[in-house]
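S.K.: Attaching a single structure in structure tokens format; questions to follow.
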Amino acid sequence: MKLRKLEETFFKGLMIASVSTILALLIGIVLVIALRGASSLNLSMLIQTPKGGYYLGRGGGIANAIVGSLYLSLGAALLSFLFGLPIAFALQKEYTGRHLSNITRLALDILWGTPSIVYGAFGFIVMVYFGLTASLLGGMIALTLLMLPIMTRSIDEVIRMIPLELKETSYSLGSTRFETTLKVIFRQALPGITTGILLAFGRGIGDAASVLFTAGYTDHIPRSLTDPAASLPLAVFFQVATPIPEVQQRAYASALILLVIVLFVSILSRLLSRRFSRHIVR
Amino acid sequence: MRLRRIKDNLAGKSMLLAVAFANSLVLVIALGLFVKSWPILAKESILNLLFSSSWAPLKGQFGFFPFIVGTLEVTAIAMVLAVPVCLLSAIYLSEYAHRHFRELVRLVVDIMAGIPSVIYGLWGIVVIVPFVRFVGQAFGHPTTGYSLLAGGIILAMMVSPIIISVSIEVFRAVPAQARETALALGTTRWEAVKYVILRSSRHGLLSAITLGFTRAFGETIAVLMIVGNVPRVPASIFDPAYPLPALLANNYGEMMSIPLYDSALLLSALILLLVVSGFNLGAHFALLRTERGMDR
């Protein structure tokens, strides 16, 4: 009996240690990046583009990367939404049978699991095929491939949770599939749709491997879709690889900016989904 | 009335088109990479490419062995570190912890899952690399710290969120009666976990671990930043390694001028895609089996 009690205590101890490790690691990441980043973060980092000799430690900022990242992710989020929302709607059984929808879900899950570097390489092939060079557009295409499955599957999961009675009521009143989808399902799923968009946006803005060859890197803010675009993850990546301490310090500041954006998006999605949930029927 | 019908029809058709697009995407990506890596596959046998260790693009030698070993080893280290910690955490959160605490940790885990990989890499440079250097010296292996072990530790952190959250789902899906029956028979909580919960959720756990494995296998930037990138088969965990994704990311810009180089690099992308998709398919069917098992 005593032995069993001992086993229980032992494993419970191990579990608590494991959970504490996980919590400590997250706090550790945020703290280290925040402390290191804050010491070299200043206003000119945020609003200036790199000046001559920036990569040798002289003046300027990473506004090019901040704006570039926002352009890339907003563009890709919009593209993913345009494709993703119809796909998520079509996964209801009125449009596709059980078989086709399950196969599509599986395909999307496989895409979700595909490493982003593969999207980067594939995006590059597509660009070469169409005669494009590294550009804002190329980066958006690669990021769209990355975001589409995330957005679509999370919207799909929300649509699946909607009570069947609601649809049945709408159909029994004589509305078509499209009217039901647009006026009932869309409204009901709105909190989930916002969460899905923001989730995909957060993943996209932090991804470096997919934009590495497709978006390129530049010191200017892109003016058209065919201009190359800098991005925050690559700004971190390139700056930390330089041997100059001042520039490395800026890598931490850039990482802090990226972390703040990602955390902000994550918190925003929680708040919005709570706010929109007030209007849905349960 | 007719207008509404037509609208409905049109919308339905265009949605199906979007679905067809999503389904074809997997095939198009695989096919595109295959076509581009065909030149090197036509010239050398696949076994030769996979198991040769000489990597000299300028001489036309493309042996992927060191990179494949590097990928497998760094992933294996990550899984060995992550799986016990994650499963124990998930058991605690699902079986012992109060609901509020579980939701709190879930929030933390979600945030961890959303942190960009480049930030994990940076954190690795600041914290893990010096730590590994210290440990290496303590064990009599002088090392720069940029090593298999460092890469494995960072990967373990990056895959923990997905393993934990899928495992919690799996544990919560075990019917409450199963738990209560075991406890009513006089087991301790841990015994209920050991004899009932773990046993009935083994397929689900397998798929949780597989999902973590595929994430680790394809992770690029964080690993690239701290694993050292030396194209040699590592002799110990304190040696640097060079995983496949890092190879691809490091060399893609400059490969255009060397014949067959881009073909070889795209072959590595194809290998990544096939391995990861294969394991994800396996995980999918394992999960399906648990769901069916639960229905009965």
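Starting from 1 in every chain, residues are counted up; chains themselves are A, B, ... following the order of the structure tokens, and ligands are numbered from 1 as listed.
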Chain A residues within 6 Å of chain B, counting only C-alpha atoms: which ones, as number ranges by chain?
M.R.: A: 8, 15, 18-19, 86-87, 90, 104, 107, 110, 115, 118, 178, 206
S.K.: Residues near Gly151 (chain B), anyone? I mean within 8 Å using only C-alpha atoms, not counting same-chain ones fewer than 2 positions away, as a ChimeraX atom specification.
M.R.: /B:74,78,146-149,153-155,222-223,226-227
S.K.: Hey, can you check how far CA of Gln248 (chain A) sits from CA of Gly216 (chain A)?
M.R.: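 If I compute the distance from CA of Gln248 (chain A) to CA of Gly216 (chain A), I get 20.4 Å.
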S.K.: Just how far from CA of Tyr55 (chain A) is CA of Thr218 (chain A), in Å to one decimal?
M.R.: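 We find that CA of Thr218 (chain A) and CA of Tyr55 (chain A) lie 12.5 Å from each other.
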S.K.: So which one's closest to Gly192 (chain A), A:Phe10, A:Phe213, A:Phe276, A:Phe122? Using only C-alpha atoms, please.
M.R.: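 Of A:Phe10, A:Phe213, A:Phe276, A:Phe122, the one nearest Gly192 (chain A) is A:Phe276, counting only C-alpha atoms.
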S.K.: Calculated over only C-alpha atoms, which of the candidates A:Leu56, A:Ile261, A:Leu91, A:Leu111 has the smallest distance to Gly202 (chain A)?
M.R.: A:Ile261
S.K.: What does the distance from CA of Ser53 (chain B) to CA of Gly70 (chain B) come to in Å, to one decimal?
M.R.: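 CA of Ser53 (chain B) sits 11.8 Å away from CA of Gly70 (chain B).
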S.K.: Give me, as an MDAnalysis selection string, all polymer residues having an atom no more than 8 Å from Ser207 (chain B), counting only C-alpha atoms and skipping those fewer than 5 positions away in the same chain.
M.R.: chainID B and resid 282:284 286:287
S.K.: Select from region 47-225 of chain A everything DSSP, run on the backbone, classes as helix (DSSP H, G or I), then give the selection as an MDAnalysis selection string.
M.R.: chainID A and resid 47 54:56 63:90 98:113 116:129 136:161 164:172 177:206
S.K.: Which residues are near region 125-137 of chain A? Cut-off 6 Å, only C-alpha atoms, ignore same chain within fewer than 6 positions. Put them as a list of chain:residue names.
M.R.: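 Listed by chain and then number, they are A:Thr214, A:Ala215, A:Gly216, A:Leu225, A:Thr226, A:Asp227, A:Pro228, A:Ala229.
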S.K.: Please provide as a PyMOL selection string all residues within 9 Å of Leu190 (chain A), with the sequence filter that same-chain residues fewer than 2 positions apart are discarded (counting only C-alpha atoms).
M.R.: chain A and resi 155+185-188+192-195+273+276-277+280
S.K.: From the list B:Phe67, B:Leu50, B:Asp262, B:Ile163, which residue is nearest Phe124 (chain A) when using only C-alpha atoms?
M.R.: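 Smallest distance to Phe124 (chain A) is found for B:Asp262.
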S.K.: Show me, as an MDAnalysis selection string, the residues that have an atom within 8 Å of Ser263 (chain B) when counting only C-alpha atoms, minus same-chain residues fewer than 2 positions from it.
M.R.: chainID B and resid 36:40 260:261 265:267
S.K.: Hey, which of B:Ile258, B:Leu41, B:Leu247, B:Ile209 ends up closest to Ser165 (chain B)? Count only C-alpha atoms.
M.R.: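 The closest residue to Ser165 (chain B) is B:Ile209.
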S.K.: Pick from B:Leu72, B:Ile46, B:Val166, B:Ile197: nearest to Ala178 (chain B), with only C-alpha atoms counted?
M.R.: B:Ile197
